[in-house]
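Asks: Take this structure, written in structure tokens, and hold onto it; I'll ask about it next.
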Amino acid sequence: MTIDATAPVIALDGLTKRYGMGEVEHTVLDNINLTIQKGEFVAIMGPSGCGKTTLLNILGLLDHADDGEYLLDGIPVNTMSSSHRARIRSDQIGFVFQSFNLVSRMNVIENVALPLTYQGYPTTKRLQAASKVLATFHLSEREYYMPWQLSGGQTQRVAIARALVNNPAIVLADEPTGNLDSRSSHVIMEELADIHRHGNTIIMVTHNPALTSYASRVIHMIDGRIDTDTQLPRPAKPAVAPKRKLGKKSKKSQKVETA
Amino acid sequence: MRLLVGHHLTNAYESLRSNRMRTALTILGVTIGISSIVVILSLSAGAAQIVNNQVDQLGGTIAVIRPGTPDRESQINTITANISGSEMTSSLTERDVKDIEDIDHVTAVAPIMILGGSVSSDSSRPRNIQIIATTPGMTDVATIPMAEGQFIDTVTNDDTAVIGHQLSIDLFGTDTSVGRTFTTHGVQFTVIGILKRQNNPINFNNVDFDHAAIINLQSGKGFNQGIATIQQINIRATSTDKFPEVLRQVNEKLTRNHHGEKDFVILTDGDLARPSTQLFSTVSASLTAVASISLIVGGIGIMNILLVSVTERTREIGIRKALGASNIHIVWQFLIESLVMSLAGGIAGYFAGYIIAFSIARSFLTFDPVFGWSIVGASMGTSLIVGIVFGLYPAILAARKNPIEALRQFH
Ligand SMILES: Nc1ncnc2c1ncn2[C@@H]1O[C@H](COP(=O)(O)OP(=O)(O)O)[C@@H](O)[C@H]1O
Ligand SMILES: [Mg+2]
């Protein structure tokens with residue numbers, strides 16, 4: 001499945017992030033070297049507090065490293081202007097936050113359509129596209145709900161729908177299935193696997209070892225370092241939940257749950 | 001890059017609507033500022049128009065000569081000096097008046113000498129008024145309507161006076177006081193005429209006729225060691241087409257009389273209105289400056305609410321940036337919110353000012369306010385500027401938030 005590409009999408013060289021100063025200084029990311037090719041599906045695992053979210057934030061151009069180099073599509077990100085970074089976030093990156101981060105005063109469909117706003121889509125196109133993505137996540141009836149009216153699982157699905165609405169080349173997902181039961185988790189994973197099949201790069205943090213089977217590569221982190229980095233032999237189709245159509249998937253998913 | 005004005009407008013609308021009370025109070029601040037500016041500008045435009053209308057009605061045949069050099073400042077000085085009265089010396093002489101009378105096509109000439117002075121009657125306390133010493137020609141230049149009796153004329157006695165409607169009431173308790181007497185400068189005057197109420201202290205003579213007394217130039221000179229201190233000479237020509245020629249000759253004669261020294265100004269049409277207009281614009285400019293203070297207060301209100309709103313929406317700003325909003329997008333988001341408030345305040349302020357100006361004018365004044373496009377422009381322009389000036393800082397503050405720190409807020 002991995003698509004050959006000349007330059008890696010992401011290349012980290014000695015990436016280091018520290019918090020605090022002097023006595024209280026502690027290194028959250030410690031000299032990370034990592035290369036991710038276009039089309040990889042990377043699962044990042046590791047104990048809480050080992051720096052997974054911090055790494056994802058840096059990859060998503062939301063945060064800066066203190067040391068080391070980060071090349072995105074071969075371009076060092078620390079040379080980019082803030083508007084260039086904004087444009088990359090807008091055009092190339094889809095971010096699923098660990099804490100959902102829906103805009104509380106906007107309804108579901110507006111939240112999902114928000115990334116398209118900054119790409120300059122007109123309102124109707126934006127809402128159409130958002131509506132389409134929401135449908136794949138079985139949220140069509142919730143389009144006009146406000147975020148506080150949703151269950152935890154629904155909120156998470158909206159957050160993922162929002163990350164995918166602009167069909168980003170790189171999807172960064174921080175525990176996208178954290179709040180979901182295993183059936184809903186597979187709905188999400190199936191959707192990620194689907195866009196992965198279209199050649200998009202996916203980097204996902206998860207605590208659930210069962211979900212790593214969707215990935216092409218699993219990275220274990222401990223204390224800000226990469227502990228193990230394993231390429232998985234990728235079957236032509238995911239090992240589980242092979243059906244494409246989300247709507248017909250429920251029975252299969254239930255089987256997976258028991259597996 | 002697209003500025004997404006439409007998106008920001010909907011967004012601003014939603015956000016402002018979700019805090020109705022807060023938004024309304026903020027807008028009210030701007031409304032008050034803009035409405036006071038609108039009131040001041042429209043009333044002073046109304047006042048200026050009265051003078052313009054008077055001058056227009058005179059049909060381009062009237063000129064006024066005043067002492068002084070013909071630069072703008074001294075024109076204003078001339079106005080204010082006129083009101084202060086007889087202490088002033090003047091470069092204009094009775095000979096000038098005589099010479100002007102001799103010019104062809106001059107139908108009427110009136111020297112005007114304004115004296116201060118206290119007047120009293122048997123039944124009243126002394127009061128200070130303007131006493132105008134002039135010749136019968138004054139009412140020929142521009143008609144001064146009479147309520148009763150007659151204007152001073154060549155056959156009337158020196159010690160007679162025509163008084164204003166209000167002065168008559170003040171002195172004698174009645175507006176039919178012809179034949180009664182009052183004393184000023186130790187001389188007793190008999191009232192021979194009462195002026196119609198004019199209710200119009202604004203005119204090119206700069207005399208509030210309702211409160212003035214008009215006496216003969218000879219009597220006036222008597223109060224000033226026999227010297228006529230002429231503050232103004234009013235001239236009327238027979239017709240508009242003869243007017244330029246009259247002016248040329250007046251200028252020539254006076255220049256000769258004054259040995260080539262340009263110590264007088266000839267005011268016609270627009271000029272005639274301008275000193276007063278200028279005085280109004282000076283006054284209204286200072287009033288506007290005062291009103292601007294309330295506008296600044298309104299602007300600070302906007303800034304304050306926006307700062308609150310930026311803090312409340314820190315997390316939203318983080319999310320928007322994470323989803324691809326650039327700093328410029330965020331600046332626009334808050335700037336447009338600011339502009340929506342200030343322009344709403346501007347529009348409301350214009351209409352409030354319109355209503356207030358008319359109510360003031362109808363209850364206390366004798367003229368209506370004048371509303372032109374310039375006032376619409378001034379109120380919209382000012383509120384636009386207020387919106388930008390006071391919205392920019394919160395907007396920039398919002399845009400400069402670090403997305404990752406913004407996202408961590410309230411968690
Ligand atoms: N703003 C911050 N200031 C100080 N320490 C921080 C900050 N953000 C994260 N950390 C620390 O960095 C470490 C890694 O955090 P994080 O990347 O969120 O871990 P996780 O792997 O659970 O996602 C944690 O020990 C956390 O306390
Ligand atoms: Mg985390």
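By order of appearance in the structure tokens: chains A, B, ..., then residues from 1 within every chain, and ligands from 1 in the order shown.
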Can you write out as a tab-separated table which residues of chain B fall within 10 Å of ligand 1, alongside each residue's closest atom pair and its distance in Å to one decimal, counting only C-alpha atoms and all ligand atoms and ordering rows by chain and ascending residue number?
Replies:
```
residue	atom	partner	partner_atom_place_in_ligand_line	distance
B:Ile404	CA	ligand 1	1 (N)	8.5
B:Glu405	CA	ligand 1	1 (N)	7.3
B:Arg408	CA	ligand 1	1 (N)	7.9
```
Asks: Any idea what's packed within 8 Å of stretch 259-266 of chain B, counting only C-alpha atoms, ignoring anything in its chain fewer than 4 positions away? Could you give it as number ranges by chain?
Replies: B: 63-70, 91-92, 251, 255
Asks: Put those residues in a file: all heavy atoms, as a compact mmCIF listing (two decimals), in the first residue's frame.
Replies:
```txt
# COMPACT_ATOMS: atom_id res chain seq x y z
N ALA B 63 -23.62 95.28 -0.37
CA ALA B 63 -22.24 95.13 0.07
C ALA B 63 -22.11 95.73 1.46
O ALA B 63 -22.87 96.62 1.84
CB ALA B 63 -21.29 95.82 -0.89
N VAL B 64 -21.17 95.21 2.19
CA VAL B 64 -20.92 95.73 3.53
C VAL B 64 -19.43 96.05 3.61
O VAL B 64 -18.60 95.25 3.19
CB VAL B 64 -21.31 94.69 4.60
CG1 VAL B 64 -20.70 95.03 5.93
CG2 VAL B 64 -22.82 94.60 4.72
N ILE B 65 -19.13 97.25 4.12
CA ILE B 65 -17.73 97.61 4.26
C ILE B 65 -17.39 97.61 5.74
O ILE B 65 -18.15 98.16 6.57
CB ILE B 65 -17.46 99.01 3.68
CG1 ILE B 65 -17.86 99.00 2.20
CG2 ILE B 65 -15.98 99.38 3.82
CD1 ILE B 65 -17.95 100.38 1.63
N ARG B 66 -16.32 96.98 6.05
CA ARG B 66 -15.88 96.96 7.45
C ARG B 66 -14.43 97.35 7.52
O ARG B 66 -13.68 97.15 6.57
CB ARG B 66 -16.05 95.55 8.04
CG ARG B 66 -17.51 95.21 8.24
CD ARG B 66 -17.69 93.89 8.93
NE ARG B 66 -19.12 93.61 8.97
CZ ARG B 66 -19.64 92.39 8.93
NH1 ARG B 66 -18.85 91.34 8.86
NH2 ARG B 66 -20.93 92.23 8.96
N PRO B 67 -14.03 97.93 8.64
CA PRO B 67 -12.62 98.26 8.78
C PRO B 67 -11.82 96.97 8.95
O PRO B 67 -12.36 95.94 9.33
CB PRO B 67 -12.57 99.10 10.04
CG PRO B 67 -13.79 98.74 10.81
CD PRO B 67 -14.81 98.29 9.82
N GLY B 68 -10.54 97.05 8.67
CA GLY B 68 -9.68 95.88 8.88
C GLY B 68 -9.04 95.44 7.60
O GLY B 68 -9.42 95.85 6.51
N THR B 69 -8.03 94.58 7.73
CA THR B 69 -7.36 94.05 6.55
C THR B 69 -8.10 92.82 6.07
O THR B 69 -8.69 92.10 6.88
CB THR B 69 -5.90 93.69 6.88
OG1 THR B 69 -5.90 93.03 8.14
CG2 THR B 69 -5.03 94.92 6.94
N PRO B 70 -8.07 92.59 4.78
CA PRO B 70 -8.95 91.54 4.25
C PRO B 70 -8.42 90.12 4.40
O PRO B 70 -8.51 89.34 3.48
CB PRO B 70 -9.06 91.92 2.77
CG PRO B 70 -7.78 92.59 2.47
CD PRO B 70 -7.34 93.27 3.74
N SER B 91 -11.36 102.72 10.84
CA SER B 91 -10.74 103.44 9.74
C SER B 91 -11.79 104.07 8.83
O SER B 91 -11.48 104.85 7.95
CB SER B 91 -9.85 102.47 8.94
OG SER B 91 -10.62 101.36 8.55
N LEU B 92 -13.06 103.72 9.04
CA LEU B 92 -14.11 104.26 8.18
C LEU B 92 -14.58 105.61 8.71
O LEU B 92 -14.72 105.80 9.92
CB LEU B 92 -15.28 103.28 8.11
CG LEU B 92 -14.94 101.88 7.58
CD1 LEU B 92 -16.16 100.98 7.67
CD2 LEU B 92 -14.43 101.97 6.14
N ASN B 251 -14.44 100.88 -4.03
CA ASN B 251 -13.07 100.50 -3.72
C ASN B 251 -12.11 101.63 -4.07
O ASN B 251 -11.24 102.01 -3.28
CB ASN B 251 -12.74 99.23 -4.50
CG ASN B 251 -11.46 98.58 -3.99
OD1 ASN B 251 -11.00 98.90 -2.90
ND2 ASN B 251 -10.88 97.71 -4.79
N THR B 255 -10.05 103.75 -1.29
CA THR B 255 -8.60 103.63 -1.34
C THR B 255 -7.98 105.03 -1.41
O THR B 255 -6.98 105.31 -0.76
CB THR B 255 -8.17 102.78 -2.55
OG1 THR B 255 -8.91 101.57 -2.54
CG2 THR B 255 -6.69 102.45 -2.50
```
Asks: Under the rule that only C-alpha atoms are counted, which of A:Thr212, A:Thr27, A:Asn166, A:Thr177 is the nearest residue to chain B?
Replies: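 Of A:Thr212, A:Thr27, A:Asn166, A:Thr177, the one nearest chain B is A:Asn166, counting only C-alpha atoms.
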Asks: For ligand 2, collect every residue having any atom at a distance of at most 9 Å from a ligand atom (counting only C-alpha atoms and all ligand atoms); output as a CSV table (one decimal) with N, CA and C atoms, in the first residue's frame.
Replies:
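And here's pocket_10.csv as it stands now:
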```
chain,number,residue,atom,x,y,z
A,48,SER,N,0.9,7.2,28.7
A,48,SER,CA,0.4,8.6,28.8
A,48,SER,C,1.6,9.5,29.3
A,49,GLY,N,1.7,10.7,28.6
A,49,GLY,CA,2.7,11.6,29.0
A,49,GLY,C,4.0,11.4,28.3
A,50,CYS,N,4.1,10.5,27.4
A,50,CYS,CA,5.4,10.2,26.8
A,50,CYS,C,5.7,11.1,25.6
A,51,GLY,N,4.7,12.0,25.3
A,51,GLY,CA,5.0,13.1,24.3
A,51,GLY,C,4.3,12.9,23.0
A,52,LYS,N,3.4,12.0,22.9
A,52,LYS,CA,2.7,11.7,21.6
A,52,LYS,C,1.9,12.9,21.1
A,53,THR,N,1.2,13.6,22.0
A,53,THR,CA,0.4,14.7,21.6
A,53,THR,C,1.3,15.9,21.2
A,54,THR,N,2.4,16.0,21.9
A,54,THR,CA,3.4,17.1,21.6
A,54,THR,C,4.0,16.9,20.2
A,56,LEU,N,2.6,15.2,17.7
A,56,LEU,CA,1.6,15.5,16.7
A,56,LEU,C,1.4,17.0,16.5
A,97,PHE,N,-8.3,16.4,17.2
A,97,PHE,CA,-7.7,16.6,18.5
A,97,PHE,C,-8.1,15.6,19.5
A,98,GLN,N,-7.2,15.3,20.5
A,98,GLN,CA,-7.6,14.4,21.6
A,98,GLN,C,-8.8,14.9,22.3
A,174,ASP,N,-5.2,12.4,17.0
A,174,ASP,CA,-4.8,12.1,18.4
A,174,ASP,C,-5.8,11.3,19.1
A,175,GLU,N,-5.6,10.1,19.3
A,175,GLU,CA,-6.6,9.2,19.9
A,175,GLU,C,-8.0,9.4,19.4
A,205,VAL,N,-2.4,8.5,16.9
A,205,VAL,CA,-2.1,8.1,18.2
A,205,VAL,C,-3.2,7.2,18.7
```
Asks: I'd like the neighbourhood of B:Ile396 as a count of residues only, where a residue qualifies if any of its atoms comes within 10 Å (using only C-alpha atoms), though same-chain residues fewer than 3 positions away should be ignored.
Replies: 13
Asks: Would you kindly return, as a short mmCIF file (atom, residue, chain, number, x, y, z; two decimals) with N, CA, C and O atoms, in the first residue's frame, each protein, DNA or RNA residue with an atom no farther than 12 Å from any atom of A:Ile88, considering only C-alpha atoms and excluding same-chain residues fewer than 4 positions away?
Replies:
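result.cif written:
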```cif
data_model
loop_
_atom_site.label_atom_id
_atom_site.label_comp_id
_atom_site.auth_asym_id
_atom_site.auth_seq_id
_atom_site.Cartn_x
_atom_site.Cartn_y
_atom_site.Cartn_z
N LEU A 59 4.14 18.16 14.36
CA LEU A 59 3.95 17.70 12.98
C LEU A 59 2.85 18.51 12.29
O LEU A 59 2.93 18.80 11.09
N GLY A 60 1.83 18.90 13.05
CA GLY A 60 0.71 19.66 12.49
C GLY A 60 0.95 21.15 12.43
O GLY A 60 0.04 21.93 12.18
N LEU A 61 2.19 21.58 12.66
CA LEU A 61 2.60 22.99 12.60
C LEU A 61 1.86 23.87 13.61
O LEU A 61 1.69 25.06 13.41
N LEU A 62 1.40 23.24 14.69
CA LEU A 62 0.76 24.04 15.73
C LEU A 62 1.76 24.44 16.79
O LEU A 62 1.56 25.39 17.54
N LEU A 72 9.01 19.25 5.98
CA LEU A 72 7.70 18.84 5.50
C LEU A 72 7.72 18.95 3.98
O LEU A 72 7.93 20.03 3.44
N ASP A 73 7.53 17.79 3.32
CA ASP A 73 7.68 17.76 1.86
C ASP A 73 9.02 18.35 1.44
O ASP A 73 9.10 19.06 0.43
N ILE A 75 10.67 20.73 2.82
CA ILE A 75 10.90 22.14 3.19
C ILE A 75 11.04 22.25 4.71
O ILE A 75 10.18 21.75 5.44
N VAL A 77 10.38 23.53 8.14
CA VAL A 77 9.23 24.33 8.56
C VAL A 77 9.62 25.59 9.30
O VAL A 77 8.87 26.57 9.32
N MET A 80 9.41 28.72 7.32
CA MET A 80 8.14 29.17 6.74
C MET A 80 7.57 30.35 7.51
O MET A 80 7.67 30.42 8.73
N SER A 81 6.92 31.26 6.77
CA SER A 81 6.23 32.37 7.43
C SER A 81 4.96 31.83 8.09
O SER A 81 4.50 30.74 7.76
N SER A 82 4.40 32.61 8.99
CA SER A 82 3.21 32.12 9.70
C SER A 82 2.04 31.95 8.74
O SER A 82 1.20 31.07 8.91
N SER A 83 1.99 32.78 7.68
CA SER A 83 0.88 32.62 6.74
C SER A 83 1.08 31.38 5.87
O SER A 83 0.12 30.73 5.49
N HIS A 84 2.34 31.06 5.59
CA HIS A 84 2.64 29.84 4.84
C HIS A 84 2.22 28.62 5.65
O HIS A 84 1.59 27.68 5.15
N GLN A 92 -3.34 21.08 3.56
CA GLN A 92 -2.73 19.75 3.53
C GLN A 92 -2.94 18.92 4.78
O GLN A 92 -2.71 17.72 4.76
N ILE A 93 -3.32 19.55 5.86
CA ILE A 93 -3.35 18.81 7.12
C ILE A 93 -4.77 18.76 7.68
O ILE A 93 -5.49 19.75 7.69
N GLY A 94 -5.15 17.57 8.13
CA GLY A 94 -6.41 17.42 8.86
C GLY A 94 -6.06 16.99 10.27
O GLY A 94 -5.29 16.05 10.45
N PHE A 95 -6.60 17.70 11.24
CA PHE A 95 -6.20 17.44 12.62
C PHE A 95 -7.40 16.95 13.42
O PHE A 95 -8.44 17.61 13.45
N PRO A 115 -13.08 24.20 8.14
CA PRO A 115 -11.80 24.19 7.41
C PRO A 115 -11.95 24.67 5.97
O PRO A 115 -11.05 25.29 5.42
N TYR A 118 -11.63 28.53 5.25
CA TYR A 118 -10.31 29.13 5.06
C TYR A 118 -9.67 28.72 3.75
O TYR A 118 -8.60 29.20 3.39
N GLN A 119 -10.32 27.80 3.03
CA GLN A 119 -9.87 27.52 1.67
C GLN A 119 -10.64 28.35 0.67
O GLN A 119 -10.42 28.25 -0.53
N ASN A 166 -11.73 18.45 4.17
CA ASN A 166 -10.98 19.07 3.06
C ASN A 166 -10.02 18.08 2.40
O ASN A 166 -9.08 18.49 1.73
N PRO A 168 -7.47 16.09 3.36
CA PRO A 168 -6.09 16.50 3.55
C PRO A 168 -5.10 15.40 3.19
O PRO A 168 -5.40 14.21 3.33
N ALA A 169 -3.93 15.80 2.71
CA ALA A 169 -2.89 14.83 2.34
C ALA A 169 -2.37 14.13 3.59
O ALA A 169 -2.00 12.96 3.54
N ILE A 170 -2.32 14.86 4.69
CA ILE A 170 -1.84 14.28 5.93
C ILE A 170 -2.94 14.38 6.98
O ILE A 170 -3.47 15.47 7.22
N LYS B 321 -7.22 28.53 14.01
CA LYS B 321 -5.86 28.54 13.47
C LYS B 321 -5.42 27.13 13.14
O LYS B 321 -4.78 26.89 12.11
N ALA B 322 -5.76 26.19 13.99
CA ALA B 322 -5.39 24.80 13.71
C ALA B 322 -6.05 24.31 12.44
O ALA B 322 -5.49 23.50 11.71
N LEU B 323 -7.24 24.82 12.15
CA LEU B 323 -7.95 24.37 10.96
C LEU B 323 -7.56 25.16 9.72
O LEU B 323 -8.13 24.97 8.66
N GLY B 324 -6.62 26.09 9.87
CA GLY B 324 -6.10 26.75 8.68
C GLY B 324 -6.30 28.25 8.61
O GLY B 324 -5.94 28.86 7.61
N ALA B 325 -6.87 28.86 9.65
CA ALA B 325 -7.04 30.31 9.62
C ALA B 325 -5.67 30.97 9.76
O ALA B 325 -4.87 30.57 10.59
N SER B 326 -5.42 31.98 8.92
CA SER B 326 -4.17 32.72 9.06
C SER B 326 -4.40 33.88 10.02
O SER B 326 -5.54 34.16 10.39
#
```
Asks: Would you list the contacts of A:Ile36 as a PyMOL selection string, taking every protein, DNA or RNA residue within 6 Å and counting only C-alpha atoms, but skipping same-chain residues closer than 4 positions in sequence?
Replies: chain A and resi 8-10
Asks: Quick check: residues of chain B within 12 Å of chain A, only C-alpha atoms, returned as a PyMOL selection string.
Replies: chain B and resi 1-8+10-12+14-19+312-330+333+399-411
Asks: Run DSSP on the backbone and grab whatever in stretch 128-373 of chain B lands in strand (DSSP E); send it over as a PyMOL selection string.
Replies: chain B and resi 128-134+146-149+160-163+181-184+187-195+213-216+232-237+264-268
Asks: Would you mind exporting C-alpha atoms of the selected residues as a short mmCIF file (atom, residue, chain, number, x, y, z; two decimals), in the first residue's frame?
Replies:
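File produced: out.cif:
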```
data_model
loop_
_atom_site.label_atom_id
_atom_site.label_comp_id
_atom_site.auth_asym_id
_atom_site.auth_seq_id
_atom_site.Cartn_x
_atom_site.Cartn_y
_atom_site.Cartn_z
CA ASN B 128 -26.99 96.86 28.97
CA ILE B 129 -27.95 96.66 25.33
CA GLN B 130 -26.57 97.34 21.91
CA ILE B 131 -27.33 100.81 20.66
CA ILE B 132 -27.08 101.23 16.93
CA ALA B 133 -26.45 104.68 15.66
CA THR B 134 -27.25 104.89 11.98
CA MET B 146 -41.73 97.57 11.90
CA ALA B 147 -44.38 96.42 14.34
CA GLU B 148 -45.51 99.90 15.26
CA GLY B 149 -44.54 103.51 14.60
CA THR B 160 -35.80 109.66 19.17
CA ALA B 161 -35.24 105.93 19.00
CA VAL B 162 -36.61 102.79 17.44
CA ILE B 163 -36.41 99.83 19.75
CA THR B 181 -39.17 107.52 27.04
CA PHE B 182 -35.96 105.94 28.26
CA THR B 183 -32.59 107.29 29.27
CA THR B 184 -29.14 106.36 28.11
CA VAL B 187 -29.93 111.65 27.42
CA GLN B 188 -33.65 111.02 27.26
CA PHE B 189 -34.97 109.34 24.11
CA THR B 190 -38.54 109.07 22.94
CA VAL B 191 -39.61 105.83 21.33
CA ILE B 192 -41.01 106.43 17.86
CA GLY B 193 -41.14 102.89 16.59
CA ILE B 194 -41.06 99.26 17.61
CA LEU B 195 -39.42 96.66 15.39
CA ALA B 213 -32.20 100.32 20.18
CA ILE B 214 -31.64 102.26 16.98
CA ILE B 215 -30.84 105.93 17.22
CA ASN B 216 -29.69 108.64 14.87
CA GLN B 232 -19.86 99.04 9.14
CA ILE B 233 -21.23 100.72 6.05
CA ASN B 234 -24.12 99.00 4.32
CA ILE B 235 -24.55 99.72 0.62
CA ARG B 236 -27.25 98.80 -1.84
CA ALA B 237 -26.91 99.13 -5.60
CA PHE B 264 -11.10 98.21 4.92
CA VAL B 265 -12.82 95.18 3.48
CA ILE B 266 -15.76 95.06 1.11
CA LEU B 267 -17.94 92.04 1.69
CA THR B 268 -20.53 90.89 -0.83
#
```
Asks: So, with only C-alpha atoms as the atoms that count, which of B:Val207, B:Ile152, B:Val30, B:Met21 lies closest to B:Met341?
Replies: B:Val30
Asks: Contacts of A:Asp229 at 12 Å or less, counting only C-alpha atoms, minus same-chain residues fewer than 5 places along, as a PyMOL selection string?
Replies: chain A and resi 32-36+42-46+216-222
Asks: For A:Gly14, which residue out of A:Arg225, A:His196, A:Arg183, A:Lys38 is the nearest one, using only C-alpha atoms?
Replies: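 Residue with the minimum atom-to-atom distance to A:Gly14: A:Arg225.
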Asks: So which residues touch A:Ile202 within 8 Å, counting only C-alpha atoms, skipping near sequence neighbours fewer than 6 positions away, as an MDAnalysis selection string?
Replies: chainID A and resid 39:42 170:173 192 196
Asks: Write the residues of the preceding selection, restricted to all heavy atoms, as an mmCIF file, in the first residue's frame.
Replies:
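Contents of part.cif, as written:
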```cif
data_model
loop_
_atom_site.group_PDB
_atom_site.id
_atom_site.type_symbol
_atom_site.label_atom_id
_atom_site.label_comp_id
_atom_site.auth_asym_id
_atom_site.auth_seq_id
_atom_site.Cartn_x
_atom_site.Cartn_y
_atom_site.Cartn_z
ATOM 1 N N GLY A 39 1.795 8.277 2.049
ATOM 2 C CA GLY A 39 0.927 7.109 1.987
ATOM 3 C C GLY A 39 1.096 6.116 3.118
ATOM 4 O O GLY A 39 0.424 5.091 3.135
ATOM 5 N N GLU A 40 1.966 6.409 4.056
ATOM 6 C CA GLU A 40 2.076 5.514 5.209
ATOM 7 C C GLU A 40 0.900 5.728 6.157
ATOM 8 O O GLU A 40 0.302 6.809 6.203
ATOM 9 C CB GLU A 40 3.396 5.775 5.953
ATOM 10 C CG GLU A 40 4.600 5.140 5.279
ATOM 11 C CD GLU A 40 5.813 5.112 6.211
ATOM 12 O OE1 GLU A 40 6.502 6.152 6.291
ATOM 13 O OE2 GLU A 40 6.043 4.066 6.844
ATOM 14 N N PHE A 41 0.610 4.684 6.906
ATOM 15 C CA PHE A 41 -0.403 4.768 7.961
ATOM 16 C C PHE A 41 0.311 4.399 9.250
ATOM 17 O O PHE A 41 0.569 3.239 9.529
ATOM 18 C CB PHE A 41 -1.541 3.782 7.664
ATOM 19 C CG PHE A 41 -2.752 3.938 8.551
ATOM 20 C CD1 PHE A 41 -4.022 3.615 8.058
ATOM 21 C CD2 PHE A 41 -2.662 4.386 9.861
ATOM 22 C CE1 PHE A 41 -5.158 3.746 8.850
ATOM 23 C CE2 PHE A 41 -3.781 4.520 10.659
ATOM 24 C CZ PHE A 41 -5.044 4.192 10.152
ATOM 25 N N VAL A 42 0.688 5.439 9.992
ATOM 26 C CA VAL A 42 1.533 5.227 11.160
ATOM 27 C C VAL A 42 0.681 5.266 12.432
ATOM 28 O O VAL A 42 -0.101 6.197 12.624
ATOM 29 C CB VAL A 42 2.619 6.322 11.254
ATOM 30 C CG1 VAL A 42 3.522 6.089 12.455
ATOM 31 C CG2 VAL A 42 3.427 6.361 9.963
ATOM 32 N N ILE A 170 -2.319 14.861 4.686
ATOM 33 C CA ILE A 170 -1.835 14.275 5.931
ATOM 34 C C ILE A 170 -2.938 14.383 6.982
ATOM 35 O O ILE A 170 -3.470 15.467 7.221
ATOM 36 C CB ILE A 170 -0.596 15.036 6.456
ATOM 37 C CG1 ILE A 170 0.491 15.068 5.382
ATOM 38 C CG2 ILE A 170 -0.087 14.401 7.735
ATOM 39 C CD1 ILE A 170 1.636 15.999 5.725
ATOM 40 N N VAL A 171 -3.286 13.256 7.586
ATOM 41 C CA VAL A 171 -4.256 13.287 8.673
ATOM 42 C C VAL A 171 -3.517 12.993 9.971
ATOM 43 O O VAL A 171 -2.819 11.986 10.078
ATOM 44 C CB VAL A 171 -5.373 12.248 8.460
ATOM 45 C CG1 VAL A 171 -6.340 12.264 9.637
ATOM 46 C CG2 VAL A 171 -6.111 12.525 7.162
ATOM 47 N N LEU A 172 -3.638 13.906 10.909
ATOM 48 C CA LEU A 172 -3.031 13.704 12.219
ATOM 49 C C LEU A 172 -4.174 13.482 13.200
ATOM 50 O O LEU A 172 -5.015 14.360 13.389
ATOM 51 C CB LEU A 172 -2.220 14.937 12.623
ATOM 52 C CG LEU A 172 -1.104 15.321 11.655
ATOM 53 C CD1 LEU A 172 -0.536 16.692 12.004
ATOM 54 C CD2 LEU A 172 0.002 14.272 11.669
ATOM 55 N N ALA A 173 -4.207 12.285 13.784
ATOM 56 C CA ALA A 173 -5.336 11.968 14.642
ATOM 57 C C ALA A 173 -4.825 11.570 16.019
ATOM 58 O O ALA A 173 -4.078 10.610 16.168
ATOM 59 C CB ALA A 173 -6.166 10.855 14.028
ATOM 60 N N LEU A 192 -10.731 6.004 8.080
ATOM 61 C CA LEU A 192 -9.321 6.379 7.939
ATOM 62 C C LEU A 192 -8.623 5.451 6.944
ATOM 63 O O LEU A 192 -7.846 5.899 6.094
ATOM 64 C CB LEU A 192 -8.612 6.314 9.299
ATOM 65 C CG LEU A 192 -8.973 7.431 10.290
ATOM 66 C CD1 LEU A 192 -8.255 7.221 11.621
ATOM 67 C CD2 LEU A 192 -8.615 8.795 9.719
ATOM 68 N N HIS A 196 -6.770 6.359 3.541
ATOM 69 C CA HIS A 196 -5.410 5.846 3.388
ATOM 70 C C HIS A 196 -5.251 5.132 2.051
ATOM 71 O O HIS A 196 -4.266 5.314 1.332
ATOM 72 C CB HIS A 196 -5.088 4.881 4.540
ATOM 73 C CG HIS A 196 -3.766 4.225 4.409
ATOM 74 N ND1 HIS A 196 -3.579 2.876 4.581
ATOM 75 C CD2 HIS A 196 -2.554 4.733 4.094
ATOM 76 C CE1 HIS A 196 -2.312 2.581 4.387
ATOM 77 N NE2 HIS A 196 -1.662 3.712 4.091
#
```
Asks: Which of these, A:Leu180, A:Val187, A:Leu164, A:Ile195, has the shortest distance to A:His138 once you count only C-alpha atoms?
Replies: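 When distances to A:His138 are compared using only C-alpha atoms, the smallest one comes from A:Val187.
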Asks: Please, what distance in Å, to one decimal, runs between atom CA of A:Ala7 and atom CA of A:Asn31?
Replies: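 If I compute the distance from atom CA of A:Ala7 to atom CA of A:Asn31, I get 21.4 Å.
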Asks: Hey, what does DSSP flag as helix (DSSP H, G or I) within stretch 115-214 of chain B? Can you give it to me as a ChimeraX atom specification?
Replies: /B:138-141,165-172,209-211
Asks: So, with only C-alpha atoms as the atoms that count, which of B:Leu339, B:Ile375, B:Ile169, B:Val389 lies closest to B:Ile300?
Replies: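 Closest to B:Ile300, using only C-alpha atoms: B:Val389.
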